[in-house]
Structures are given as C-alpha cells and as structure tokens.
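Colleague: Handing you this structure, nothing more for now.
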Amino acid sequence: MDVYRFVPDDDFKDLTFLNMDDVRRFSTFTGQKITLDWNEEVFGISEDKLNKGKLLDFDSRCYGATFIVKKKFAKLFIDEFSELIEIFPIKIKGISEEYIYINVINVVTAINFDGLDMQESLAMLRGENIRFNIEKIENETIFRDTRINNFYFCTQNFKAFIEKNSINGLRFMKVGTGLKL
C-alpha cells in the first residue's frame, strides 16, 4: 500500500499567512478539535517572484498541515470524511470565492520508527521511503501521525477522491509504503 503526502501543485499561486500570530496558531493544530475563536481571513496570495506567471484559479491548496478547499466542495468532504475532519470557513485576501480549512482530526500511530536511531529516523522522514504500519493505516484514507503530526498523509483512496472530483491545486508525493510488522 502506497502512502502519500499532499503538497501544493506548483502550477498555482501559493498562499501566505497575513500575520505571524496565525502562523503560530495553525502550528498548534496537531489533530485535536479546534476550540479557539475562529478568524476567517488569515491567508493572502504570496507576492514573491516565484509566484509570477502561476495560475490563481485553484480549488485547493496546502501549506504544511494547512489544507484549504473551495467551499463548493464542502459537502463532498463532509459526506465522505465527517469522522476524520472538521471544517472552518476561510477567506483569502483579494479572492472573492469562499474556502474552507480542513482540520484532519484522524491521528494514528502510522510511522514505524522501531529500530531506528534519531539520525536514521530523520533520514527516513526526509526521503521517500517512510515505513508505515500497515495494520494501523490499511483502512485509512487521510490521517496524521501521532509523532509527525504537522503533515497530512493519505492513501490511494483519498488521492482517487480528489481526482474523481476534479479538485485541482494539489500534488501527491509518494512518501512510503505500509509494511506488515
């Protein structure tokens, strides 16, 4: 079983946080339900030179463990993943279309660090050969790991869901496979 981490599709413009407080706040979202007061307008479009010539009409974007999707797809996500996610409204400065932030609350002990020292663990995480516990993820579609919770991981089922619904703006990077222990 292949496991993916989704990353931004480089054809589309990147997001940026409007202020540093939001960067810190979003970094505390590690799979728990969000109980803070919610501020909708936290993103803007990055104006750096790397964004020049890129497309603005994206359906979804991710930025670390920050995953947003156009609001028109909200029902699809709720119908398919209601037990695994929670959603919040998001606005992007300068864009009139409404988006939702998807907080993945499905946290599993997915990555197998058994027998690895700190250096080996870091090397594994930087590469594309992360060892996942197949018993923990064989029925999963989208999840966070209990120790490495600042990324969203997914299986082929989630990738197929995105492709079937023609949601652009993401790219799926294979980061590992599920292994029997």
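Starting from 1 in every chain, residues are counted up; chains themselves are A, B, ... following the order of the structure tokens, and ligands are numbered from 1 as listed.
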List every residue of segment 80-136 of chain A that DSSP, applied to the backbone, labels as strand (DSSP E or B), and write the result as a VMD selection string.

Modeller: chain A and resid 85 to 92 99 to 104 107 to 108 111 130 to 133

Colleague: Fewer than 6 positions away in the same chain doesn't count, so skip those; otherwise give me all residues within 8 Å of Gly178 of chain A, counting only C-alpha atoms, as a PyMOL selection string.

Modeller: chain A and resi 1-3+131-134+137-138

Colleague: I need the residues from that last selection saved to file as a PDB file, in the first residue's frame (with C-alpha atoms), if you can.

Modeller:
ATOM      1  CA  MET A   1       0.000   0.000   0.000  1.00  0.00           C
ATOM      2  CA  ASP A   2       1.440   3.354  -1.046  1.00  0.00           C
ATOM      3  CA  VAL A   3       1.183   6.358   1.263  1.00  0.00           C
ATOM      4  CA  ARG A 131       7.895   2.934   6.884  1.00  0.00           C
ATOM      5  CA  PHE A 132       4.208   2.912   7.780  1.00  0.00           C
ATOM      6  CA  ASN A 133       2.495   0.285   9.966  1.00  0.00           C
ATOM      7  CA  ILE A 134       0.063  -1.374   7.550  1.00  0.00           C
ATOM      8  CA  ILE A 137      -3.387   2.503   8.081  1.00  0.00           C
ATOM      9  CA  GLU A 138      -4.915  -0.237   5.930  1.00  0.00           C
TER      10      GLU A 138
END

Colleague: Write out as a ChimeraX atom specification which residues come within 8 Å of Phe6 of chain A when counting only C-alpha atoms, dropping same-chain ones fewer than 3 positions away.

Modeller: /A:62,152-154,170-173

Colleague: Using only all heavy atoms, please write the residues we just selected to a file, as a JSON list (two decimals), in the first residue's frame.

Modeller:
[["chain", "number", "residue", "atom", "x", "y", "z"],
["A", 62, "CYS", "N", -2.42, 23.53, -0.10],
["A", 62, "CYS", "CA", -1.93, 23.09, 1.20],
["A", 62, "CYS", "C", -0.64, 23.83, 1.49],
["A", 62, "CYS", "O", 0.06, 24.28, 0.58],
["A", 62, "CYS", "CB", -1.74, 21.58, 1.26],
["A", 62, "CYS", "SG", -0.50, 20.97, 0.13],
["A", 152, "TYR", "N", -0.25, 16.06, 6.55],
["A", 152, "TYR", "CA", -1.39, 15.19, 6.30],
["A", 152, "TYR", "C", -0.89, 14.09, 5.36],
["A", 152, "TYR", "O", -0.29, 14.36, 4.33],
["A", 152, "TYR", "CB", -2.52, 15.93, 5.61],
["A", 152, "TYR", "CG", -3.20, 17.00, 6.44],
["A", 152, "TYR", "CD1", -4.07, 17.90, 5.84],
["A", 152, "TYR", "CD2", -3.02, 17.10, 7.82],
["A", 152, "TYR", "CE1", -4.72, 18.87, 6.58],
["A", 152, "TYR", "CE2", -3.68, 18.07, 8.56],
["A", 152, "TYR", "CZ", -4.53, 18.95, 7.93],
["A", 152, "TYR", "OH", -5.17, 19.90, 8.65],
["A", 153, "PHE", "N", -1.16, 12.86, 5.74],
["A", 153, "PHE", "CA", -0.84, 11.72, 4.91],
["A", 153, "PHE", "C", -2.14, 11.14, 4.36],
["A", 153, "PHE", "O", -3.21, 11.29, 4.96],
["A", 153, "PHE", "CB", -0.11, 10.64, 5.73],
["A", 153, "PHE", "CG", 1.23, 11.09, 6.25],
["A", 153, "PHE", "CD1", 1.39, 11.43, 7.58],
["A", 153, "PHE", "CD2", 2.33, 11.16, 5.40],
["A", 153, "PHE", "CE1", 2.62, 11.84, 8.07],
["A", 153, "PHE", "CE2", 3.57, 11.56, 5.88],
["A", 153, "PHE", "CZ", 3.71, 11.90, 7.22],
["A", 154, "CYS", "N", -2.04, 10.45, 3.24],
["A", 154, "CYS", "CA", -3.24, 9.83, 2.67],
["A", 154, "CYS", "C", -2.86, 8.58, 1.90],
["A", 154, "CYS", "O", -1.69, 8.36, 1.59],
["A", 154, "CYS", "CB", -3.98, 10.83, 1.78],
["A", 154, "CYS", "SG", -3.09, 11.29, 0.28],
["A", 170, "LEU", "N", -3.51, 20.45, -5.83],
["A", 170, "LEU", "CA", -2.68, 19.56, -5.02],
["A", 170, "LEU", "C", -1.87, 18.64, -5.92],
["A", 170, "LEU", "O", -2.26, 18.34, -7.05],
["A", 170, "LEU", "CB", -3.54, 18.68, -4.11],
["A", 170, "LEU", "CG", -4.39, 19.35, -3.06],
["A", 170, "LEU", "CD1", -5.21, 18.30, -2.31],
["A", 170, "LEU", "CD2", -3.56, 20.16, -2.11],
["A", 171, "ARG", "N", -0.78, 18.17, -5.36],
["A", 171, "ARG", "CA", 0.04, 17.15, -5.99],
["A", 171, "ARG", "C", 0.31, 16.10, -4.92],
["A", 171, "ARG", "O", 0.47, 16.43, -3.75],
["A", 171, "ARG", "CB", 1.35, 17.79, -6.46],
["A", 171, "ARG", "CG", 2.19, 16.96, -7.37],
["A", 171, "ARG", "CD", 3.33, 17.78, -7.99],
["A", 171, "ARG", "NE", 4.08, 18.58, -7.05],
["A", 171, "ARG", "CZ", 5.10, 18.15, -6.32],
["A", 171, "ARG", "NH1", 5.49, 16.90, -6.39],
["A", 171, "ARG", "NH2", 5.74, 18.97, -5.51],
["A", 172, "PHE", "N", 0.33, 14.85, -5.29],
["A", 172, "PHE", "CA", 0.54, 13.77, -4.32],
["A", 172, "PHE", "C", 1.94, 13.22, -4.47],
["A", 172, "PHE", "O", 2.33, 12.76, -5.53],
["A", 172, "PHE", "CB", -0.51, 12.67, -4.51],
["A", 172, "PHE", "CG", -1.88, 13.15, -4.16],
["A", 172, "PHE", "CD1", -2.70, 13.72, -5.13],
["A", 172, "PHE", "CD2", -2.34, 13.06, -2.87],
["A", 172, "PHE", "CE1", -3.96, 14.19, -4.80],
["A", 172, "PHE", "CE2", -3.60, 13.52, -2.53],
["A", 172, "PHE", "CZ", -4.41, 14.09, -3.50],
["A", 173, "MET", "N", 2.69, 13.29, -3.39],
["A", 173, "MET", "CA", 4.06, 12.82, -3.37],
["A", 173, "MET", "C", 4.11, 11.51, -2.58],
["A", 173, "MET", "O", 3.75, 11.49, -1.40],
["A", 173, "MET", "CB", 4.94, 13.87, -2.69],
["A", 173, "MET", "CG", 6.39, 13.52, -2.63],
["A", 173, "MET", "SD", 7.41, 14.90, -2.03],
["A", 173, "MET", "CE", 6.99, 14.89, -0.30]]

Colleague: As a PDB file with N, CA and C atoms, in the first residue's frame, please: every residue in segment 76-168 of chain A that DSSP puts in alpha helix (DSSP H).

Modeller:
ATOM      1  N   LEU A  76     -19.058  17.389  -0.221  1.00  0.00           N
ATOM      2  CA  LEU A  76     -18.347  16.164  -0.623  1.00  0.00           C
ATOM      3  C   LEU A  76     -17.423  15.678   0.491  1.00  0.00           C
ATOM      4  N   PHE A  77     -16.677  16.617   1.083  1.00  0.00           N
ATOM      5  CA  PHE A  77     -15.743  16.243   2.151  1.00  0.00           C
ATOM      6  C   PHE A  77     -16.485  15.786   3.400  1.00  0.00           C
ATOM      7  N   ILE A  78     -17.548  16.476   3.743  1.00  0.00           N
ATOM      8  CA  ILE A  78     -18.327  16.100   4.929  1.00  0.00           C
ATOM      9  C   ILE A  78     -18.968  14.732   4.726  1.00  0.00           C
ATOM     10  N   ASP A  79     -19.556  14.510   3.557  1.00  0.00           N
ATOM     11  CA  ASP A  79     -20.201  13.217   3.278  1.00  0.00           C
ATOM     12  C   ASP A  79     -19.201  12.066   3.327  1.00  0.00           C
ATOM     13  N   GLU A  80     -18.011  12.298   2.843  1.00  0.00           N
ATOM     14  CA  GLU A  80     -17.016  11.228   2.728  1.00  0.00           C
ATOM     15  C   GLU A  80     -16.149  11.053   3.978  1.00  0.00           C
ATOM     16  N   PHE A  81     -15.848  12.158   4.673  1.00  0.00           N
ATOM     17  CA  PHE A  81     -14.834  12.106   5.736  1.00  0.00           C
ATOM     18  C   PHE A  81     -15.288  12.725   7.056  1.00  0.00           C
ATOM     19  N   MET A 118      17.965   8.412  16.106  1.00  0.00           N
ATOM     20  CA  MET A 118      17.480   9.738  15.709  1.00  0.00           C
ATOM     21  C   MET A 118      17.917  10.094  14.285  1.00  0.00           C
ATOM     22  N   GLN A 119      19.156   9.857  13.938  1.00  0.00           N
ATOM     23  CA  GLN A 119      19.662  10.192  12.600  1.00  0.00           C
ATOM     24  C   GLN A 119      18.956   9.372  11.524  1.00  0.00           C
ATOM     25  N   GLU A 120      18.773   8.097  11.780  1.00  0.00           N
ATOM     26  CA  GLU A 120      18.096   7.227  10.812  1.00  0.00           C
ATOM     27  C   GLU A 120      16.626   7.643  10.655  1.00  0.00           C
ATOM     28  N   SER A 121      15.992   8.015  11.766  1.00  0.00           N
ATOM     29  CA  SER A 121      14.598   8.468  11.719  1.00  0.00           C
ATOM     30  C   SER A 121      14.470   9.726  10.870  1.00  0.00           C
ATOM     31  N   LEU A 122      15.357  10.682  11.084  1.00  0.00           N
ATOM     32  CA  LEU A 122      15.325  11.925  10.309  1.00  0.00           C
ATOM     33  C   LEU A 122      15.584  11.667   8.827  1.00  0.00           C
ATOM     34  N   ALA A 123      16.539  10.805   8.536  1.00  0.00           N
ATOM     35  CA  ALA A 123      16.832  10.469   7.139  1.00  0.00           C
ATOM     36  C   ALA A 123      15.615   9.814   6.476  1.00  0.00           C
ATOM     37  N   MET A 124      14.951   8.934   7.207  1.00  0.00           N
ATOM     38  CA  MET A 124      13.759   8.277   6.666  1.00  0.00           C
ATOM     39  C   MET A 124      12.677   9.314   6.362  1.00  0.00           C
ATOM     40  N   LEU A 125      12.456  10.252   7.264  1.00  0.00           N
ATOM     41  CA  LEU A 125      11.408  11.255   7.072  1.00  0.00           C
ATOM     42  C   LEU A 125      11.721  12.217   5.926  1.00  0.00           C
ATOM     43  N   ARG A 126      12.984  12.483   5.683  1.00  0.00           N
ATOM     44  CA  ARG A 126      13.375  13.374   4.581  1.00  0.00           C
ATOM     45  C   ARG A 126      13.254  12.684   3.230  1.00  0.00           C
ATOM     46  N   ILE A 134       1.221  -1.029   8.380  1.00  0.00           N
ATOM     47  CA  ILE A 134       0.063  -1.374   7.550  1.00  0.00           C
ATOM     48  C   ILE A 134      -1.167  -1.671   8.400  1.00  0.00           C
ATOM     49  N   GLU A 135      -0.974  -2.287   9.572  1.00  0.00           N
ATOM     50  CA  GLU A 135      -2.124  -2.605  10.430  1.00  0.00           C
ATOM     51  C   GLU A 135      -2.849  -1.347  10.899  1.00  0.00           C
ATOM     52  N   LYS A 136      -2.120  -0.256  11.029  1.00  0.00           N
ATOM     53  CA  LYS A 136      -2.706   0.999  11.509  1.00  0.00           C
ATOM     54  C   LYS A 136      -3.347   1.815  10.402  1.00  0.00           C
ATOM     55  N   ILE A 137      -2.911   1.625   9.160  1.00  0.00           N
ATOM     56  CA  ILE A 137      -3.387   2.503   8.081  1.00  0.00           C
ATOM     57  C   ILE A 137      -4.165   1.795   6.983  1.00  0.00           C
ATOM     58  N   GLN A 156      -4.202   5.833  -1.421  1.00  0.00           N
ATOM     59  CA  GLN A 156      -4.720   5.920  -2.786  1.00  0.00           C
ATOM     60  C   GLN A 156      -6.202   6.304  -2.799  1.00  0.00           C
ATOM     61  N   ASN A 157      -6.953   5.892  -1.781  1.00  0.00           N
ATOM     62  CA  ASN A 157      -8.385   6.204  -1.742  1.00  0.00           C
ATOM     63  C   ASN A 157      -8.640   7.707  -1.710  1.00  0.00           C
ATOM     64  N   PHE A 158      -7.851   8.452  -0.923  1.00  0.00           N
ATOM     65  CA  PHE A 158      -8.027   9.908  -0.872  1.00  0.00           C
ATOM     66  C   PHE A 158      -7.569  10.539  -2.184  1.00  0.00           C
ATOM     67  N   LYS A 159      -6.462  10.067  -2.701  1.00  0.00           N
ATOM     68  CA  LYS A 159      -5.964  10.571  -3.985  1.00  0.00           C
ATOM     69  C   LYS A 159      -7.027  10.367  -5.072  1.00  0.00           C
ATOM     70  N   ALA A 160      -7.648   9.202  -5.097  1.00  0.00           N
ATOM     71  CA  ALA A 160      -8.698   8.909  -6.080  1.00  0.00           C
ATOM     72  C   ALA A 160      -9.916   9.814  -5.871  1.00  0.00           C
ATOM     73  N   PHE A 161     -10.265  10.103  -4.615  1.00  0.00           N
ATOM     74  CA  PHE A 161     -11.380  11.001  -4.309  1.00  0.00           C
ATOM     75  C   PHE A 161     -11.109  12.390  -4.910  1.00  0.00           C
ATOM     76  N   ILE A 162      -9.918  12.907  -4.725  1.00  0.00           N
ATOM     77  CA  ILE A 162      -9.555  14.233  -5.250  1.00  0.00           C
ATOM     78  C   ILE A 162      -9.612  14.221  -6.776  1.00  0.00           C
ATOM     79  N   GLU A 163      -9.059  13.201  -7.383  1.00  0.00           N
ATOM     80  CA  GLU A 163      -9.043  13.106  -8.843  1.00  0.00           C
ATOM     81  C   GLU A 163     -10.448  12.927  -9.406  1.00  0.00           C
ATOM     82  N   LYS A 164     -11.264  12.081  -8.776  1.00  0.00           N
ATOM     83  CA  LYS A 164     -12.640  11.827  -9.248  1.00  0.00           C
ATOM     84  C   LYS A 164     -13.471  13.109  -9.231  1.00  0.00           C
TER      85      LYS A 164
END

Colleague: Taking only C-alpha atoms into account, produce a table as CSV in which each residue of segment 132-162 of chain A with an atom at most 10 Å from an atom of segment 16-38 of chain A appears once, together with its shortest atom pair and the distance in Å to one decimal, ordered by chain and rising number.

Modeller:
residue,atom,partner,partner_atom,distance
A:Phe143,CA,A:Gly31,CA,8.7
A:Arg144,CA,A:Gly31,CA,6.9
A:Asp145,CA,A:Gly31,CA,8.9
A:Thr146,CA,A:Gly31,CA,8.5
A:Arg147,CA,A:Thr30,CA,9.5
A:Ile148,CA,A:Thr30,CA,8.9
A:Asn149,CA,A:Thr30,CA,5.5
A:Asn150,CA,A:Thr30,CA,6.3
A:Phe151,CA,A:Thr30,CA,8.9
A:Tyr152,CA,A:Gly31,CA,9.7

Colleague: Using only C-alpha atoms, determine which residues lie at most 7 Å from Phe67 of chain A, disregarding the query and same-chain residues fewer than 4 positions distant; provide the list as a VMD selection string.

Modeller: chain A and resid 61 to 63 101 to 102

Colleague: Mind pulling up the distance from atom CA of Pro8 of chain A to atom CA of Val108 of chain A?

Modeller: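 Atom CA of Pro8 of chain A lies 23.5 Å from atom CA of Val108 of chain A.
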
Colleague: May I ask for the distance between atom CA of Leu84 of chain A and atom CA of Tyr4 of chain A, given in Å to one decimal place?

Modeller: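 Separation of atom CA of Leu84 of chain A and atom CA of Tyr4 of chain A: 16.8 Å.
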